[in-house]
>>> print(open('run26.csv').read())   # CSV, C-alpha atoms
chain,number,residue,atom,x,y,z
A,1,MET,CA,0.0,0.0,0.0
A,2,LEU,CA,2.9,2.3,0.8
A,3,LEU,CA,4.1,1.6,-2.8
A,4,VAL,CA,0.9,3.0,-4.2
A,5,LEU,CA,1.1,6.2,-2.1
A,6,VAL,CA,4.7,6.8,-3.4
A,7,CYS,CA,3.3,6.3,-6.9
A,8,THR,CA,0.7,9.1,-6.3
A,9,ALA,CA,3.4,11.7,-5.4
A,10,VAL,CA,5.4,10.7,-8.5
A,11,GLU,CA,2.3,11.0,-10.6
A,12,GLY,CA,1.7,14.5,-9.3
A,13,LEU,CA,5.1,15.6,-10.3
A,14,ALA,CA,4.8,13.9,-13.7
A,15,GLN,CA,1.5,15.6,-14.5
A,16,ILE,CA,3.0,19.0,-13.7
A,17,CYS,CA,5.9,18.4,-16.0
A,18,LEU,CA,3.5,17.4,-18.8
A,19,LYS,CA,1.3,20.5,-18.2
A,20,GLN,CA,4.4,22.6,-18.1
A,21,SER,CA,5.3,21.3,-21.6
A,22,SER,CA,2.2,22.9,-23.0
A,23,ARG,CA,3.1,26.2,-21.5
A,24,GLN,CA,6.7,26.4,-22.5
A,25,PRO,CA,7.0,25.6,-26.3
A,26,VAL,CA,10.7,26.2,-26.3
A,27,ARG,CA,11.5,23.6,-23.7
A,28,ARG,CA,8.6,21.4,-24.6
A,29,VAL,CA,10.5,18.2,-25.3
A,30,ARG,CA,12.5,18.4,-22.1
A,31,TRP,CA,9.4,18.7,-20.0
A,32,ILE,CA,7.7,15.9,-21.8
A,33,GLY,CA,10.8,13.8,-21.3
A,34,ALA,CA,10.9,14.6,-17.5
A,35,GLY,CA,7.2,13.7,-17.3
A,36,VAL,CA,7.5,10.4,-19.1
A,37,ALA,CA,10.6,9.5,-17.1
A,38,LEU,CA,8.6,10.0,-13.9
A,39,PHE,CA,5.7,8.0,-15.3
A,40,VAL,CA,8.1,5.1,-16.0
A,41,VAL,CA,9.3,5.1,-12.4
A,42,GLU,CA,5.6,5.2,-11.3
A,43,ALA,CA,4.9,2.3,-13.7
A,44,LEU,CA,7.5,0.1,-12.2
A,45,LEU,CA,6.4,0.7,-8.6
A,46,TYR,CA,2.7,0.3,-9.6
A,47,THR,CA,3.4,-3.0,-11.4
A,48,ALA,CA,5.0,-4.4,-8.2
A,49,ALA,CA,1.9,-3.2,-6.3
A,50,LEU,CA,-0.6,-4.7,-8.7
A,51,GLN,CA,1.0,-8.2,-8.2
A,52,ARG,CA,-0.1,-8.0,-4.6
A,53,LEU,CA,-3.4,-6.0,-4.8
A,54,ASP,CA,-6.7,-6.1,-6.7
A,55,VAL,CA,-6.7,-3.6,-9.5
A,56,SER,CA,-9.7,-1.8,-8.1
A,57,LEU,CA,-8.1,-1.4,-4.7
A,58,ALA,CA,-4.7,-0.2,-5.9
A,59,TYR,CA,-6.3,2.2,-8.3
A,60,SER,CA,-8.5,3.6,-5.5
A,61,LEU,CA,-5.6,4.3,-3.3
A,62,GLY,CA,-4.1,6.1,-6.3
A,63,ALA,CA,-6.8,8.7,-5.8
A,64,MET,CA,-4.6,10.7,-3.6
A,65,SER,CA,-2.9,11.8,-6.8
A,66,PHE,CA,-5.9,14.1,-7.4
A,67,VAL,CA,-4.9,16.0,-4.3
A,68,ALA,CA,-1.2,16.0,-5.2
A,69,VAL,CA,-2.0,17.2,-8.7
A,70,ALA,CA,-4.4,19.9,-7.6
A,71,LEU,CA,-2.1,21.3,-5.0
A,72,GLY,CA,0.9,21.2,-7.4
A,73,ALA,CA,-1.1,22.9,-10.1
A,74,ALA,CA,-2.1,25.7,-7.8
A,75,TRP,CA,1.3,26.2,-6.2
A,76,LEU,CA,3.6,25.5,-9.1
A,77,LEU,CA,1.5,26.5,-12.1
A,78,GLY,CA,-0.7,29.2,-10.5
A,79,GLU,CA,-3.9,27.6,-11.5
A,80,ALA,CA,-7.1,28.8,-9.8
A,81,LEU,CA,-9.1,26.3,-7.8
A,82,PRO,CA,-12.7,27.3,-7.9
A,83,MET,CA,-14.8,26.1,-4.9
A,84,THR,CA,-16.7,23.6,-7.0
A,85,ARG,CA,-13.4,22.1,-8.2
A,86,ARG,CA,-12.2,21.7,-4.6
A,87,LEU,CA,-15.5,20.2,-3.4
A,88,GLY,CA,-15.4,17.9,-6.4
A,89,ILE,CA,-11.9,16.7,-5.8
A,90,ALA,CA,-12.8,16.1,-2.1
A,91,CYS,CA,-15.9,14.0,-3.2
A,92,ILE,CA,-13.7,12.0,-5.6
A,93,VAL,CA,-11.1,11.2,-3.0
A,94,ALA,CA,-13.8,10.3,-0.5
A,95,GLY,CA,-15.4,8.0,-3.1
A,96,CYS,CA,-12.0,6.4,-3.7
A,97,ALA,CA,-11.4,6.0,0.0
A,98,VAL,CA,-14.8,4.2,0.3
A,99,LEU,CA,-13.9,2.0,-2.7
A,100,ALA,CA,-10.5,1.2,-1.1
A,101,THR,CA,-11.8,0.2,2.4
A,102,GLY,CA,-14.6,-1.9,0.8
A,103,GLY,CA,-12.1,-4.3,-0.7
B,1,MET,CA,-22.6,29.3,-7.7
B,2,SER,CA,-24.4,32.4,-8.9
B,3,LYS,CA,-21.4,33.7,-10.8
B,4,GLU,CA,-22.1,34.1,-14.5
B,5,THR,CA,-20.0,32.0,-16.9
B,6,PRO,CA,-17.5,34.0,-18.9
B,7,ALA,CA,-16.8,33.0,-22.5
B,8,SER,CA,-13.4,31.6,-21.5
B,9,SER,CA,-14.9,29.0,-19.2
B,10,ARG,CA,-16.9,27.2,-21.9
B,11,ILE,CA,-15.2,24.2,-23.3
B,12,GLY,CA,-15.5,23.1,-26.9
B,13,ARG,CA,-16.8,19.8,-28.2
B,14,HIS,CA,-13.3,18.7,-29.2
B,15,VAL,CA,-12.2,19.0,-25.6
B,16,ILE,CA,-15.0,16.7,-24.6
B,17,VAL,CA,-13.9,14.2,-27.3
B,18,VAL,CA,-10.2,14.2,-26.2
B,19,LEU,CA,-11.3,13.9,-22.6
B,20,ALA,CA,-13.6,11.0,-23.4
B,21,ILE,CA,-10.7,9.3,-25.3
B,22,ALA,CA,-8.4,9.9,-22.3
B,23,ILE,CA,-10.9,8.1,-20.0
B,24,GLY,CA,-11.3,5.2,-22.5
B,25,LEU,CA,-7.6,4.7,-22.9
B,26,ASP,CA,-7.1,5.0,-19.1
B,27,THR,CA,-9.6,2.2,-18.5
B,28,LEU,CA,-8.1,0.0,-21.3
B,29,GLY,CA,-4.6,0.6,-20.0
B,30,GLN,CA,-5.5,-0.3,-16.4
B,31,LEU,CA,-7.3,-3.5,-17.2
B,32,LEU,CA,-4.5,-4.7,-19.6
B,33,TRP,CA,-1.9,-3.8,-17.1
B,34,LYS,CA,-3.6,-5.9,-14.4
B,35,LEU,CA,-3.8,-8.8,-16.8
B,36,ALA,CA,-0.1,-8.3,-17.8
B,37,ALA,CA,1.0,-8.0,-14.1
B,38,THR,CA,-0.7,-11.3,-13.1
B,39,ARG,CA,1.0,-13.1,-15.9
B,40,LEU,CA,4.5,-11.9,-15.1
B,41,PRO,CA,6.8,-14.1,-13.0
B,42,ALA,CA,6.7,-13.3,-9.3
B,43,THR,CA,10.4,-12.3,-9.1
B,44,LEU,CA,11.4,-9.8,-11.7
B,45,SER,CA,15.0,-10.2,-12.9
B,46,PRO,CA,15.7,-8.4,-16.2
B,47,ASP,CA,16.4,-11.8,-17.8
B,48,ALA,CA,13.2,-13.4,-16.6
B,49,LEU,CA,11.3,-10.3,-17.7
B,50,LEU,CA,12.7,-10.5,-21.3
B,51,HIS,CA,11.9,-14.2,-21.5
B,52,SER,CA,8.4,-13.6,-20.3
B,53,ILE,CA,7.8,-10.8,-22.8
B,54,ALA,CA,9.1,-12.9,-25.6
B,55,ARG,CA,6.5,-15.6,-24.8
B,56,ASP,CA,3.7,-13.2,-24.0
B,57,PRO,CA,3.9,-9.7,-25.6
B,58,LEU,CA,1.0,-8.3,-23.6
B,59,PRO,CA,3.2,-5.8,-21.7
B,60,LEU,CA,4.2,-4.3,-25.0
B,61,LEU,CA,0.5,-3.7,-25.8
B,62,VAL,CA,0.1,-2.0,-22.5
B,63,ILE,CA,3.1,0.3,-23.3
B,64,GLY,CA,1.4,1.0,-26.7
B,65,VAL,CA,-1.8,2.0,-25.0
B,66,PHE,CA,0.0,4.3,-22.6
B,67,LEU,CA,1.9,6.0,-25.5
B,68,LEU,CA,-1.4,6.8,-27.2
B,69,GLN,CA,-2.7,8.0,-23.9
B,70,LEU,CA,0.2,10.3,-23.4
B,71,ILE,CA,-0.2,11.9,-26.9
B,72,ASN,CA,-3.9,12.4,-26.3
B,73,TRP,CA,-3.3,13.7,-22.8
B,74,LEU,CA,-1.0,16.4,-24.1
B,75,LEU,CA,-3.8,17.5,-26.5
B,76,VAL,CA,-6.1,17.8,-23.5
B,77,LEU,CA,-3.6,19.8,-21.5
B,78,GLU,CA,-3.1,22.3,-24.3
B,79,ARG,CA,-6.8,23.2,-24.0
B,80,VAL,CA,-7.7,23.1,-20.3
B,81,ASP,CA,-6.3,23.5,-16.8
B,82,LEU,CA,-4.5,20.5,-15.3
B,83,SER,CA,-6.6,20.8,-12.1
B,84,TYR,CA,-9.7,20.7,-14.2
B,85,ALA,CA,-8.9,17.8,-16.6
B,86,GLN,CA,-7.2,15.5,-14.2
B,87,PRO,CA,-10.1,15.0,-11.7
B,88,LEU,CA,-12.4,14.3,-14.6
B,89,THR,CA,-10.3,11.2,-15.4
B,90,ALA,CA,-11.7,9.8,-12.2
B,91,LEU,CA,-14.6,8.6,-14.4
B,92,SER,CA,-12.2,5.8,-15.3
B,93,TYR,CA,-12.5,4.6,-11.6
B,94,VAL,CA,-16.1,3.9,-12.3
B,95,SER,CA,-15.4,2.0,-15.5
B,96,VAL,CA,-12.4,0.1,-14.1
B,97,CYS,CA,-14.4,-0.9,-11.0
B,98,LEU,CA,-17.3,-2.2,-13.1
B,99,LEU,CA,-15.2,-3.9,-15.7
B,100,SER,CA,-12.8,-5.5,-13.2
B,101,ALA,CA,-15.8,-7.0,-11.5
B,102,TRP,CA,-16.9,-8.4,-14.8
B,103,LEU,CA,-13.6,-9.5,-16.2
B,104,PHE,CA,-11.5,-10.5,-13.2
B,105,GLY,CA,-14.4,-11.5,-10.9
B,106,GLU,CA,-13.4,-8.8,-8.3
B,107,ARG,CA,-16.2,-8.3,-5.8
B,108,LEU,CA,-18.8,-5.6,-6.3
B,109,ASP,CA,-21.1,-4.7,-3.4
B,110,VAL,CA,-23.1,-1.8,-1.8
B,111,HIS,CA,-19.9,-0.3,-0.4
B,112,LYS,CA,-18.2,-0.1,-3.8
B,113,GLY,CA,-21.5,1.3,-5.2
B,114,LEU,CA,-21.3,4.1,-2.7
B,115,GLY,CA,-17.7,4.9,-3.6
B,116,VAL,CA,-18.6,5.0,-7.3
B,117,LEU,CA,-21.5,7.3,-6.5
B,118,LEU,CA,-19.2,9.7,-4.6
B,119,VAL,CA,-16.7,9.7,-7.5
B,120,LEU,CA,-19.5,10.5,-9.9
B,121,MET,CA,-20.7,13.4,-7.7
B,122,GLY,CA,-17.2,14.7,-7.5
B,123,VAL,CA,-16.7,14.6,-11.3
B,124,ALA,CA,-20.0,16.4,-11.8
B,125,LEU,CA,-18.9,19.2,-9.3
B,126,VAL,CA,-15.5,19.6,-11.0
B,127,SER,CA,-17.0,19.8,-14.4
B,128,VAL,CA,-19.3,22.8,-13.4
B,129,ASP,CA,-16.5,25.3,-13.7
B,130,PRO,CA,-13.9,24.7,-16.4
B,131,ALA,CA,-12.4,28.2,-16.0
B,132,ARG,CA,-8.9,28.5,-17.4
B,133,SER,CA,-6.1,30.2,-15.4
B,134,GLU,CA,-4.2,31.3,-18.5
B,135,ALA,CA,-4.9,32.7,-21.9
B,136,PRO,CA,-5.2,30.1,-24.7
>>> encode(input="run26.csv", output="structure tokens")
Amino acid sequence: MLLVLVCTAVEGLAQICLKQSSRQPVRRVRWIGAGVALFVVEALLYTAALQRLDVSLAYSLGAMSFVAVALGAAWLLGEALPMTRRLGIACIVAGCAVLATGG
Amino acid sequence: MSKETPASSRIGRHVIVVLAIAIGLDTLGQLLWKLAATRLPATLSPDALLHSIARDPLPLLVIGVFLLQLINWLLVLERVDLSYAQPLTALSYVSVCLLSAWLFGERLDVHKGLGVLLVLMGVALVSVDPARSEAP
């Protein structure tokens, strides 16, 4: 389970690199490369986790990546987080927590 | 939310299409990945991994799906905020949950139904306000 949580942090960073690639055309390839490299790291960790957990449980724990991505997007990319977006993300994470504990 | 919707916070039909493709590829990738992971040997030495892929190229198909997903996802990110698009991909939780019950025989009960419902509510809330934080 710890493996899956590490995956979510890596995923957050990877997503921010990818979004950054669409904002900086000059260094586009570099940002995509960084994002993909992080996804590969995540993939290896996640494959190890999937050998031990049901796919629906592992995927549910990965929901924390929604929080990681939203916070990262707000702090590092300066994206606005409208109230509905915050509430929605909270709902999604709660839903995933319910899914995860039900397994 | 009584705020009126400015023109910049409407999203085009093509954004909906690429988001839908993203969710579809996400679902496909997750299910194939689970299938591939269960077929891999328990201990992963590079040698054992190569032999296993030579016998059963499913992991390569998973990589292909993820490459497609990456290209499509970059198209999504060019058009909308990351903190808007990424939560919407939670819809794939619903599809993965239902399909893994069907394909892998994973258990589906009231508890999971409640989780799915909460995720759907969350996605609906996020989709209310697609405001962009930057000029296109």
>>> closest_atom_pairs(input="run26.csv", of="chain B", to="chain A", cutoff="6 Å", atoms="only C-alpha atoms", output="JSON lines")
{"residue": "B:Ala37", "atom": "CA", "partner": "A:Gln51", "partner_atom": "CA", "distance": 5.9}
{"residue": "B:Leu77", "atom": "CA", "partner": "A:Lys19", "partner_atom": "CA", "distance": 5.9}
{"residue": "B:Glu78", "atom": "CA", "partner": "A:Ser22", "partner_atom": "CA", "distance": 5.5}
{"residue": "B:Ser83", "atom": "CA", "partner": "A:Ala70", "partner_atom": "CA", "distance": 5.1}
{"residue": "B:Cys97", "atom": "CA", "partner": "A:Ser56", "partner_atom": "CA", "distance": 5.6}
{"residue": "B:His111", "atom": "CA", "partner": "A:Gly102", "partner_atom": "CA", "distance": 5.7}
{"residue": "B:Lys112", "atom": "CA", "partner": "A:Leu99", "partner_atom": "CA", "distance": 4.9}
{"residue": "B:Gly115", "atom": "CA", "partner": "A:Gly95", "partner_atom": "CA", "distance": 3.9}
{"residue": "B:Leu118", "atom": "CA", "partner": "A:Gly95", "partner_atom": "CA", "distance": 4.4}
{"residue": "B:Val119", "atom": "CA", "partner": "A:Ile92", "partner_atom": "CA", "distance": 4.2}
{"residue": "B:Gly122", "atom": "CA", "partner": "A:Gly88", "partner_atom": "CA", "distance": 3.8}
{"residue": "B:Leu125", "atom": "CA", "partner": "A:Gly88", "partner_atom": "CA", "distance": 4.7}
{"residue": "B:Val126", "atom": "CA", "partner": "A:Arg85", "partner_atom": "CA", "distance": 4.3}
{"residue": "B:Ser133", "atom": "CA", "partner": "A:Glu79", "partner_atom": "CA", "distance": 5.2}
>>> atom_distance(input="run26.csv", atom1="atom CA of Asp47 of chain B", atom2="atom CA of Leu44 of chain A")
15.9 Å
>>> closest_residue(input="run26.csv", among="B:Leu60, B:Leu25, B:Ala54, B:Leu114", to="Val96 of chain B", atoms="only C-alpha atoms")
B:Leu25
>>> closest_residue(input="run26.csv", among="B:Arg107, B:Gly29, B:Arg132, B:His14", to="Phe66 of chain B", atoms="all atoms listed in the file")
B:Gly29
